[in-house]
$ cat entry-v9.cif   # mmCIF, all heavy atoms
data_data
#
loop_
_atom_site.label_atom_id
_atom_site.label_comp_id
_atom_site.auth_asym_id
_atom_site.auth_seq_id
_atom_site.Cartn_x
_atom_site.Cartn_y
_atom_site.Cartn_z
N MET A 1 -8.67 7.27 -71.96
CA MET A 1 -9.62 6.34 -72.56
C MET A 1 -9.93 5.21 -71.56
O MET A 1 -9.05 4.75 -70.85
CB MET A 1 -9.05 5.73 -73.83
CG MET A 1 -8.88 6.72 -74.97
SD MET A 1 -8.22 5.88 -76.45
CE MET A 1 -9.29 6.61 -77.67
N LYS A 2 -11.16 4.78 -71.57
CA LYS A 2 -11.59 3.72 -70.66
C LYS A 2 -11.11 2.36 -71.16
O LYS A 2 -11.02 2.13 -72.36
CB LYS A 2 -13.11 3.71 -70.56
CG LYS A 2 -13.68 5.00 -70.00
CD LYS A 2 -15.18 4.98 -70.04
CE LYS A 2 -15.73 6.33 -69.59
NZ LYS A 2 -17.17 6.41 -69.78
N LYS A 3 -10.83 1.47 -70.22
CA LYS A 3 -10.43 0.11 -70.54
C LYS A 3 -11.64 -0.80 -70.34
O LYS A 3 -12.54 -0.49 -69.57
CB LYS A 3 -9.28 -0.33 -69.65
CG LYS A 3 -8.02 0.48 -69.87
CD LYS A 3 -6.92 0.03 -68.94
CE LYS A 3 -5.68 0.90 -69.12
NZ LYS A 3 -4.62 0.50 -68.19
N TYR A 4 -11.63 -1.93 -71.03
CA TYR A 4 -12.73 -2.88 -70.96
C TYR A 4 -12.18 -4.26 -70.66
O TYR A 4 -11.18 -4.68 -71.23
CB TYR A 4 -13.53 -2.88 -72.27
CG TYR A 4 -14.25 -1.58 -72.47
CD1 TYR A 4 -13.60 -0.47 -72.98
CD2 TYR A 4 -15.57 -1.44 -72.10
CE1 TYR A 4 -14.24 0.75 -73.12
CE2 TYR A 4 -16.23 -0.22 -72.23
CZ TYR A 4 -15.56 0.86 -72.74
OH TYR A 4 -16.20 2.07 -72.87
N VAL A 5 -12.86 -4.97 -69.75
CA VAL A 5 -12.37 -6.27 -69.29
C VAL A 5 -13.34 -7.38 -69.70
O VAL A 5 -14.56 -7.22 -69.63
CB VAL A 5 -12.14 -6.26 -67.76
CG1 VAL A 5 -13.42 -6.01 -67.01
CG2 VAL A 5 -11.45 -7.52 -67.31
N CYS A 6 -12.76 -8.50 -70.13
CA CYS A 6 -13.55 -9.67 -70.53
C CYS A 6 -14.05 -10.38 -69.28
O CYS A 6 -13.27 -10.72 -68.39
CB CYS A 6 -12.68 -10.61 -71.36
SG CYS A 6 -13.53 -12.12 -71.87
N ALA A 7 -15.36 -10.61 -69.23
CA ALA A 7 -15.97 -11.27 -68.07
C ALA A 7 -15.58 -12.74 -68.00
O ALA A 7 -15.65 -13.34 -66.93
CB ALA A 7 -17.48 -11.14 -68.13
N LEU A 8 -15.16 -13.32 -69.11
CA LEU A 8 -14.86 -14.75 -69.12
C LEU A 8 -13.42 -15.07 -68.72
O LEU A 8 -13.18 -16.04 -68.01
CB LEU A 8 -15.15 -15.34 -70.50
CG LEU A 8 -16.59 -15.16 -71.00
CD1 LEU A 8 -16.76 -15.79 -72.37
CD2 LEU A 8 -17.57 -15.76 -70.02
N CYS A 9 -12.46 -14.25 -69.17
CA CYS A 9 -11.06 -14.60 -68.90
C CYS A 9 -10.25 -13.50 -68.24
O CYS A 9 -9.12 -13.72 -67.84
CB CYS A 9 -10.37 -15.04 -70.20
SG CYS A 9 -10.00 -13.69 -71.35
N GLY A 10 -10.79 -12.28 -68.17
CA GLY A 10 -10.09 -11.20 -67.52
C GLY A 10 -9.18 -10.38 -68.42
O GLY A 10 -8.52 -9.46 -67.96
N TYR A 11 -9.15 -10.70 -69.72
CA TYR A 11 -8.34 -9.91 -70.66
C TYR A 11 -8.82 -8.47 -70.63
O TYR A 11 -10.03 -8.21 -70.59
CB TYR A 11 -8.48 -10.47 -72.08
CG TYR A 11 -7.87 -9.60 -73.16
CD1 TYR A 11 -6.51 -9.66 -73.43
CD2 TYR A 11 -8.65 -8.73 -73.90
CE1 TYR A 11 -5.94 -8.86 -74.42
CE2 TYR A 11 -8.09 -7.93 -74.89
CZ TYR A 11 -6.74 -8.00 -75.14
OH TYR A 11 -6.18 -7.21 -76.12
N VAL A 12 -7.89 -7.52 -70.64
CA VAL A 12 -8.24 -6.11 -70.62
C VAL A 12 -7.93 -5.49 -71.98
O VAL A 12 -6.79 -5.56 -72.45
CB VAL A 12 -7.48 -5.36 -69.51
CG1 VAL A 12 -7.79 -3.86 -69.57
CG2 VAL A 12 -7.86 -5.91 -68.14
N TYR A 13 -8.96 -4.93 -72.61
CA TYR A 13 -8.75 -4.18 -73.85
C TYR A 13 -8.41 -2.75 -73.46
O TYR A 13 -9.21 -2.05 -72.85
CB TYR A 13 -9.99 -4.19 -74.76
CG TYR A 13 -9.77 -3.32 -75.98
CD1 TYR A 13 -9.02 -3.79 -77.04
CD2 TYR A 13 -10.24 -2.01 -76.04
CE1 TYR A 13 -8.77 -2.99 -78.15
CE2 TYR A 13 -9.99 -1.20 -77.13
CZ TYR A 13 -9.24 -1.70 -78.18
OH TYR A 13 -8.98 -0.90 -79.27
N ASP A 14 -7.21 -2.33 -73.84
CA ASP A 14 -6.73 -0.98 -73.57
C ASP A 14 -6.68 -0.24 -74.89
O ASP A 14 -5.88 -0.59 -75.77
CB ASP A 14 -5.35 -1.04 -72.93
CG ASP A 14 -4.79 0.32 -72.57
OD1 ASP A 14 -5.32 1.35 -73.03
OD2 ASP A 14 -3.79 0.36 -71.82
N PRO A 15 -7.52 0.77 -75.09
CA PRO A 15 -7.55 1.49 -76.36
C PRO A 15 -6.20 2.08 -76.76
O PRO A 15 -5.91 2.20 -77.95
CB PRO A 15 -8.57 2.61 -76.13
CG PRO A 15 -9.45 2.09 -75.04
CD PRO A 15 -8.54 1.26 -74.17
N GLU A 16 -5.38 2.44 -75.80
CA GLU A 16 -4.07 3.00 -76.12
C GLU A 16 -3.16 1.95 -76.76
O GLU A 16 -2.26 2.29 -77.52
CB GLU A 16 -3.42 3.58 -74.87
CG GLU A 16 -4.15 4.82 -74.36
CD GLU A 16 -3.47 5.44 -73.15
OE1 GLU A 16 -2.32 5.08 -72.85
OE2 GLU A 16 -4.11 6.29 -72.52
N VAL A 17 -3.39 0.68 -76.46
CA VAL A 17 -2.59 -0.42 -77.00
C VAL A 17 -3.28 -1.04 -78.22
O VAL A 17 -2.63 -1.45 -79.17
CB VAL A 17 -2.36 -1.50 -75.92
CG1 VAL A 17 -1.61 -2.69 -76.49
CG2 VAL A 17 -1.61 -0.91 -74.73
N GLY A 18 -4.61 -1.10 -78.19
CA GLY A 18 -5.36 -1.75 -79.26
C GLY A 18 -5.16 -3.26 -79.21
O GLY A 18 -4.84 -3.82 -78.17
N ASP A 19 -5.30 -3.92 -80.34
CA ASP A 19 -5.06 -5.35 -80.48
C ASP A 19 -4.45 -5.56 -81.86
O ASP A 19 -5.11 -6.06 -82.78
CB ASP A 19 -6.36 -6.14 -80.31
CG ASP A 19 -6.15 -7.65 -80.41
OD1 ASP A 19 -4.99 -8.11 -80.32
OD2 ASP A 19 -7.15 -8.37 -80.58
N PRO A 20 -3.18 -5.14 -82.04
CA PRO A 20 -2.54 -5.19 -83.35
C PRO A 20 -2.57 -6.56 -84.02
O PRO A 20 -2.70 -6.65 -85.24
CB PRO A 20 -1.10 -4.75 -83.08
CG PRO A 20 -1.17 -3.97 -81.82
CD PRO A 20 -2.29 -4.59 -81.02
N ASP A 21 -2.50 -7.64 -83.23
CA ASP A 21 -2.52 -8.98 -83.80
C ASP A 21 -3.86 -9.29 -84.47
O ASP A 21 -3.94 -10.16 -85.34
CB ASP A 21 -2.23 -10.04 -82.73
CG ASP A 21 -0.79 -9.96 -82.22
OD1 ASP A 21 0.07 -9.39 -82.93
OD2 ASP A 21 -0.53 -10.47 -81.12
N SER A 22 -4.90 -8.56 -84.07
CA SER A 22 -6.23 -8.75 -84.67
C SER A 22 -6.60 -7.60 -85.60
O SER A 22 -7.75 -7.46 -86.00
CB SER A 22 -7.28 -8.87 -83.57
OG SER A 22 -7.05 -10.01 -82.77
N GLY A 23 -5.63 -6.74 -85.90
CA GLY A 23 -5.88 -5.65 -86.83
C GLY A 23 -6.48 -4.41 -86.20
O GLY A 23 -6.96 -3.52 -86.90
N ILE A 24 -6.47 -4.31 -84.87
CA ILE A 24 -7.01 -3.15 -84.17
C ILE A 24 -5.83 -2.26 -83.77
O ILE A 24 -5.05 -2.62 -82.89
CB ILE A 24 -7.83 -3.54 -82.92
CG1 ILE A 24 -8.88 -4.61 -83.25
CG2 ILE A 24 -8.45 -2.31 -82.28
CD1 ILE A 24 -9.91 -4.19 -84.25
N ALA A 25 -5.70 -1.14 -84.43
CA ALA A 25 -4.55 -0.25 -84.23
C ALA A 25 -4.57 0.41 -82.86
O ALA A 25 -5.65 0.66 -82.30
CB ALA A 25 -4.53 0.82 -85.31
N PRO A 26 -3.38 0.71 -82.31
CA PRO A 26 -3.33 1.48 -81.06
C PRO A 26 -4.09 2.80 -81.23
O PRO A 26 -4.07 3.40 -82.31
CB PRO A 26 -1.84 1.74 -80.87
CG PRO A 26 -1.16 0.61 -81.57
CD PRO A 26 -2.04 0.33 -82.77
N GLY A 27 -4.81 3.20 -80.19
CA GLY A 27 -5.60 4.42 -80.25
C GLY A 27 -7.03 4.20 -80.70
O GLY A 27 -7.80 5.15 -80.80
N THR A 28 -7.41 2.93 -80.94
CA THR A 28 -8.78 2.62 -81.38
C THR A 28 -9.72 2.57 -80.18
O THR A 28 -9.56 1.72 -79.30
CB THR A 28 -8.83 1.27 -82.14
OG1 THR A 28 -7.94 1.33 -83.25
CG2 THR A 28 -10.24 0.97 -82.62
N ALA A 29 -10.67 3.49 -80.14
CA ALA A 29 -11.66 3.52 -79.06
C ALA A 29 -12.52 2.26 -79.09
O ALA A 29 -12.74 1.67 -80.15
CB ALA A 29 -12.54 4.76 -79.18
N TRP A 30 -13.02 1.86 -77.94
CA TRP A 30 -13.86 0.66 -77.83
C TRP A 30 -15.04 0.73 -78.81
O TRP A 30 -15.40 -0.25 -79.44
CB TRP A 30 -14.35 0.51 -76.40
CG TRP A 30 -15.21 -0.70 -76.18
CD1 TRP A 30 -16.53 -0.71 -75.89
CD2 TRP A 30 -14.80 -2.06 -76.23
NE1 TRP A 30 -16.98 -2.00 -75.75
CE2 TRP A 30 -15.92 -2.85 -75.96
CE3 TRP A 30 -13.58 -2.70 -76.47
CZ2 TRP A 30 -15.87 -4.25 -75.93
CZ3 TRP A 30 -13.54 -4.09 -76.43
CH2 TRP A 30 -14.68 -4.86 -76.16
N GLU A 31 -15.63 1.90 -78.90
CA GLU A 31 -16.80 2.07 -79.78
C GLU A 31 -16.44 1.83 -81.25
O GLU A 31 -17.32 1.50 -82.05
CB GLU A 31 -17.37 3.49 -79.63
CG GLU A 31 -17.93 3.79 -78.25
CD GLU A 31 -16.86 4.07 -77.19
OE1 GLU A 31 -15.70 4.39 -77.55
OE2 GLU A 31 -17.18 3.94 -75.99
N ASP A 32 -15.17 1.98 -81.60
CA ASP A 32 -14.73 1.81 -82.99
C ASP A 32 -14.21 0.40 -83.28
O ASP A 32 -13.88 0.09 -84.43
CB ASP A 32 -13.66 2.84 -83.33
CG ASP A 32 -14.20 4.25 -83.26
OD1 ASP A 32 -15.40 4.45 -83.54
OD2 ASP A 32 -13.43 5.18 -82.91
N VAL A 33 -14.13 -0.44 -82.25
CA VAL A 33 -13.73 -1.83 -82.46
C VAL A 33 -14.90 -2.52 -83.16
O VAL A 33 -16.05 -2.39 -82.72
CB VAL A 33 -13.40 -2.52 -81.11
CG1 VAL A 33 -13.17 -4.01 -81.30
CG2 VAL A 33 -12.19 -1.86 -80.47
N PRO A 34 -14.64 -3.25 -84.24
CA PRO A 34 -15.74 -3.91 -84.97
C PRO A 34 -16.55 -4.86 -84.08
O PRO A 34 -16.00 -5.49 -83.16
CB PRO A 34 -15.03 -4.71 -86.07
CG PRO A 34 -13.69 -4.08 -86.21
CD PRO A 34 -13.34 -3.52 -84.85
N ASP A 35 -17.84 -4.95 -84.35
CA ASP A 35 -18.72 -5.80 -83.55
C ASP A 35 -18.35 -7.28 -83.63
O ASP A 35 -18.69 -8.05 -82.74
CB ASP A 35 -20.19 -5.62 -83.97
CG ASP A 35 -20.73 -4.26 -83.55
OD1 ASP A 35 -20.20 -3.67 -82.58
OD2 ASP A 35 -21.68 -3.79 -84.19
N ASP A 36 -17.65 -7.68 -84.70
CA ASP A 36 -17.29 -9.09 -84.84
C ASP A 36 -15.92 -9.41 -84.25
O ASP A 36 -15.44 -10.54 -84.34
CB ASP A 36 -17.36 -9.53 -86.30
CG ASP A 36 -16.38 -8.78 -87.20
OD1 ASP A 36 -15.74 -7.81 -86.75
OD2 ASP A 36 -16.26 -9.19 -88.38
N TRP A 37 -15.29 -8.42 -83.60
CA TRP A 37 -14.01 -8.65 -82.94
C TRP A 37 -14.23 -9.62 -81.78
O TRP A 37 -15.29 -9.64 -81.17
CB TRP A 37 -13.46 -7.32 -82.42
CG TRP A 37 -12.19 -7.45 -81.63
CD1 TRP A 37 -10.93 -7.55 -82.12
CD2 TRP A 37 -12.06 -7.48 -80.20
NE1 TRP A 37 -10.01 -7.63 -81.10
CE2 TRP A 37 -10.69 -7.59 -79.90
CE3 TRP A 37 -12.96 -7.41 -79.16
CZ2 TRP A 37 -10.21 -7.64 -78.60
CZ3 TRP A 37 -12.48 -7.47 -77.86
CH2 TRP A 37 -11.13 -7.58 -77.60
N ALA A 38 -13.23 -10.47 -81.50
CA ALA A 38 -13.33 -11.41 -80.40
C ALA A 38 -12.11 -11.28 -79.49
O ALA A 38 -11.02 -10.91 -79.94
CB ALA A 38 -13.42 -12.84 -80.94
N CYS A 39 -12.31 -11.58 -78.23
CA CYS A 39 -11.23 -11.57 -77.26
C CYS A 39 -10.08 -12.44 -77.78
O CYS A 39 -10.31 -13.60 -78.15
CB CYS A 39 -11.73 -12.10 -75.92
SG CYS A 39 -10.44 -12.24 -74.66
N PRO A 40 -8.86 -11.91 -77.80
CA PRO A 40 -7.75 -12.70 -78.32
C PRO A 40 -7.34 -13.87 -77.42
O PRO A 40 -6.65 -14.78 -77.88
CB PRO A 40 -6.61 -11.68 -78.42
CG PRO A 40 -6.96 -10.59 -77.49
CD PRO A 40 -8.47 -10.55 -77.44
N LEU A 41 -7.80 -13.89 -76.19
CA LEU A 41 -7.44 -15.00 -75.30
C LEU A 41 -8.47 -16.11 -75.28
O LEU A 41 -8.12 -17.29 -75.30
CB LEU A 41 -7.23 -14.49 -73.87
CG LEU A 41 -6.07 -13.52 -73.66
CD1 LEU A 41 -5.93 -13.17 -72.18
CD2 LEU A 41 -4.77 -14.09 -74.19
N CYS A 42 -9.77 -15.74 -75.24
CA CYS A 42 -10.79 -16.79 -75.10
C CYS A 42 -11.85 -16.79 -76.20
O CYS A 42 -12.68 -17.68 -76.25
CB CYS A 42 -11.47 -16.67 -73.73
SG CYS A 42 -12.58 -15.25 -73.58
N GLY A 43 -11.83 -15.79 -77.07
CA GLY A 43 -12.78 -15.76 -78.18
C GLY A 43 -14.13 -15.15 -77.84
O GLY A 43 -15.04 -15.18 -78.67
N ALA A 44 -14.29 -14.59 -76.65
CA ALA A 44 -15.56 -13.97 -76.27
C ALA A 44 -15.83 -12.75 -77.15
O ALA A 44 -14.92 -12.11 -77.65
CB ALA A 44 -15.51 -13.55 -74.81
N GLY A 45 -17.10 -12.43 -77.32
CA GLY A 45 -17.49 -11.29 -78.11
C GLY A 45 -17.50 -10.00 -77.30
O GLY A 45 -17.34 -10.02 -76.08
N LYS A 46 -17.70 -8.87 -78.00
CA LYS A 46 -17.71 -7.56 -77.32
C LYS A 46 -18.77 -7.50 -76.22
O LYS A 46 -18.58 -6.80 -75.23
CB LYS A 46 -17.96 -6.45 -78.34
CG LYS A 46 -16.74 -6.05 -79.12
CD LYS A 46 -17.01 -4.90 -80.06
CE LYS A 46 -17.22 -3.59 -79.34
NZ LYS A 46 -17.41 -2.44 -80.24
N ALA A 47 -19.86 -8.22 -76.38
CA ALA A 47 -20.93 -8.19 -75.38
C ALA A 47 -20.48 -8.75 -74.03
O ALA A 47 -21.10 -8.46 -73.00
CB ALA A 47 -22.15 -8.96 -75.89
N ASP A 48 -19.40 -9.53 -74.03
CA ASP A 48 -18.90 -10.12 -72.79
C ASP A 48 -17.89 -9.23 -72.08
O ASP A 48 -17.30 -9.63 -71.09
CB ASP A 48 -18.27 -11.48 -73.09
CG ASP A 48 -19.29 -12.50 -73.52
OD1 ASP A 48 -20.32 -12.64 -72.85
OD2 ASP A 48 -19.08 -13.16 -74.57
N PHE A 49 -17.70 -8.01 -72.59
CA PHE A 49 -16.77 -7.08 -71.97
C PHE A 49 -17.55 -6.01 -71.22
O PHE A 49 -18.65 -5.64 -71.62
CB PHE A 49 -15.92 -6.38 -73.05
CG PHE A 49 -14.76 -7.23 -73.54
CD1 PHE A 49 -14.98 -8.33 -74.35
CD2 PHE A 49 -13.47 -6.92 -73.19
CE1 PHE A 49 -13.93 -9.11 -74.80
CE2 PHE A 49 -12.40 -7.68 -73.64
CZ PHE A 49 -12.63 -8.77 -74.44
N SER A 50 -16.95 -5.53 -70.15
CA SER A 50 -17.55 -4.43 -69.40
C SER A 50 -16.47 -3.41 -69.08
O SER A 50 -15.27 -3.73 -69.05
CB SER A 50 -18.20 -4.94 -68.12
OG SER A 50 -17.25 -5.56 -67.28
N GLU A 51 -16.92 -2.19 -68.84
CA GLU A 51 -16.01 -1.11 -68.51
C GLU A 51 -15.27 -1.43 -67.23
O GLU A 51 -15.87 -1.89 -66.25
CB GLU A 51 -16.81 0.18 -68.37
CG GLU A 51 -15.99 1.42 -68.44
CD GLU A 51 -16.88 2.65 -68.44
OE1 GLU A 51 -17.74 2.77 -69.33
OE2 GLU A 51 -16.71 3.47 -67.53
N GLU A 52 -13.97 -1.23 -67.22
CA GLU A 52 -13.16 -1.54 -66.04
C GLU A 52 -13.30 -0.45 -64.99
O GLU A 52 -13.41 0.69 -65.28
CB GLU A 52 -11.70 -1.70 -66.45
CG GLU A 52 -10.82 -2.16 -65.33
CD GLU A 52 -9.39 -2.42 -65.78
OE1 GLU A 52 -8.78 -1.52 -66.40
OE2 GLU A 52 -8.90 -3.50 -65.51
#
$ encode --input "entry-v9.cif" --output "structure tokens"
Amino acid sequence: MKKYVCALCGYVYDPEVGDPDSGIAPGTAWEDVPDDWACPLCGAGKADFSEE
């Protein structure tokens, strides 16, 4: 699975890990992350992420 990096802070969303603290289970593909999800470090939206 592809990883996605936040352009503002460098946080990497790894689908294999997900974001359990935000309710995103491990194994959740980027396309399945809700559009209102925000970067857990800086609060940036999905639009601020790009494929690593």
$ closest_residue --input "entry-v9.cif" --among "A:Thr28, A:Leu41, A:Ser22, A:Pro34" --to "Gly10 in chain A" --atoms "all atoms listed in the file"
A:Leu41
$ residues_around --input "entry-v9.cif" --residues "Cys6 in chain A" --least-positions-apart "3" --cutoff "10 Å" --atoms "only C-alpha atoms" --output "list of chain:residue names"
A:Cys9, A:Gly10, A:Tyr11, A:Val12, A:Tyr13, A:Cys39, A:Leu41, A:Cys42, A:Gly43, A:Ala44, A:Gly45, A:Lys46, A:Ala47, A:Asp48, A:Phe49, A:Ser50, A:Glu51, A:Glu52
$ atom_distance --input "entry-v9.cif" --atom1 "atom O of Glu16 in chain A" --atom2 "atom C of Trp37 in chain A"
17.4 Å
$ select_by_dssp --input "entry-v9.cif" --residues "chain A" --states "helix (DSSP H, G or I)" --output "list in words"
Pro20, Asp21, Ser22, Trp30, Glu31, Asp32, Lys46, Ala47 and Asp48 of chain A
$ closest_residue --input "entry-v9.cif" --among "A:Asp21, A:Ala38, A:Glu31, A:Pro15" --to "Lys3 in chain A" --atoms "all atoms listed in the file"
A:Pro15
$ atom_distance --input "entry-v9.cif" --atom1 "CE3 of Trp30 in chain A" --atom2 "CA of Asp14 in chain A"
7.6 Å
$ atom_distance --input "entry-v9.cif" --atom1 "CA of Asp36 in chain A" --atom2 "CA of Asp19 in chain A"
13.5 Å
$ select_by_dssp --input "entry-v9.cif" --residues "chain A" --states "strand (DSSP E or B)" --output "MDAnalysis selection string"
chainID A and resid 4:6 12:13 19 24 38 45 49:51
$ decode --input "entry-v9.cif" --residues "range 13-34 of chain A" --atoms "N, CA and C atoms" --output "short mmCIF file (atom, residue, chain, number, x, y, z; two decimals), in the first residue's frame"
data_model
loop_
_atom_site.label_atom_id
_atom_site.label_comp_id
_atom_site.auth_asym_id
_atom_site.auth_seq_id
_atom_site.Cartn_x
_atom_site.Cartn_y
_atom_site.Cartn_z
N TYR A 13 1.16 9.12 6.55
CA TYR A 13 0.05 8.20 6.77
C TYR A 13 0.42 6.87 6.12
N ASP A 14 0.51 5.84 6.95
CA ASP A 14 0.83 4.49 6.48
C ASP A 14 -0.43 3.65 6.62
N PRO A 15 -1.03 3.22 5.51
CA PRO A 15 -2.27 2.44 5.58
C PRO A 15 -2.16 1.18 6.44
N GLU A 16 -0.98 0.60 6.51
CA GLU A 16 -0.82 -0.60 7.32
C GLU A 16 -0.96 -0.30 8.81
N VAL A 17 -0.67 0.94 9.20
CA VAL A 17 -0.76 1.36 10.60
C VAL A 17 -2.09 2.07 10.87
N GLY A 18 -2.58 2.82 9.88
CA GLY A 18 -3.79 3.61 10.05
C GLY A 18 -3.54 4.77 11.00
N ASP A 19 -4.58 5.24 11.66
CA ASP A 19 -4.49 6.30 12.67
C ASP A 19 -5.50 5.95 13.75
N PRO A 20 -5.20 4.91 14.55
CA PRO A 20 -6.16 4.43 15.55
C PRO A 20 -6.67 5.51 16.52
N ASP A 21 -5.81 6.49 16.85
CA ASP A 21 -6.24 7.55 17.77
C ASP A 21 -7.34 8.41 17.17
N SER A 22 -7.45 8.40 15.84
CA SER A 22 -8.50 9.16 15.15
C SER A 22 -9.60 8.25 14.61
N GLY A 23 -9.56 6.98 15.00
CA GLY A 23 -10.60 6.06 14.56
C GLY A 23 -10.37 5.42 13.21
N ILE A 24 -9.15 5.53 12.67
CA ILE A 24 -8.82 4.93 11.38
C ILE A 24 -8.07 3.63 11.65
N ALA A 25 -8.72 2.52 11.40
CA ALA A 25 -8.16 1.21 11.72
C ALA A 25 -6.97 0.86 10.83
N PRO A 26 -6.02 0.07 11.37
CA PRO A 26 -4.93 -0.43 10.53
C PRO A 26 -5.50 -1.17 9.32
N GLY A 27 -4.85 -0.98 8.17
CA GLY A 27 -5.32 -1.60 6.94
C GLY A 27 -6.27 -0.73 6.14
N THR A 28 -6.54 0.50 6.62
CA THR A 28 -7.45 1.41 5.91
C THR A 28 -6.70 2.12 4.78
N ALA A 29 -7.12 1.85 3.55
CA ALA A 29 -6.51 2.50 2.38
C ALA A 29 -6.78 4.00 2.42
N TRP A 30 -5.88 4.77 1.82
CA TRP A 30 -6.01 6.23 1.79
C TRP A 30 -7.37 6.65 1.22
N GLU A 31 -7.78 5.95 0.18
CA GLU A 31 -9.06 6.29 -0.47
C GLU A 31 -10.25 6.10 0.48
N ASP A 32 -10.09 5.25 1.49
CA ASP A 32 -11.17 4.97 2.43
C ASP A 32 -11.11 5.84 3.69
N VAL A 33 -10.07 6.65 3.82
CA VAL A 33 -9.99 7.58 4.95
C VAL A 33 -11.02 8.67 4.69
N PRO A 34 -11.85 9.00 5.68
CA PRO A 34 -12.89 10.02 5.46
C PRO A 34 -12.31 11.37 5.02
#
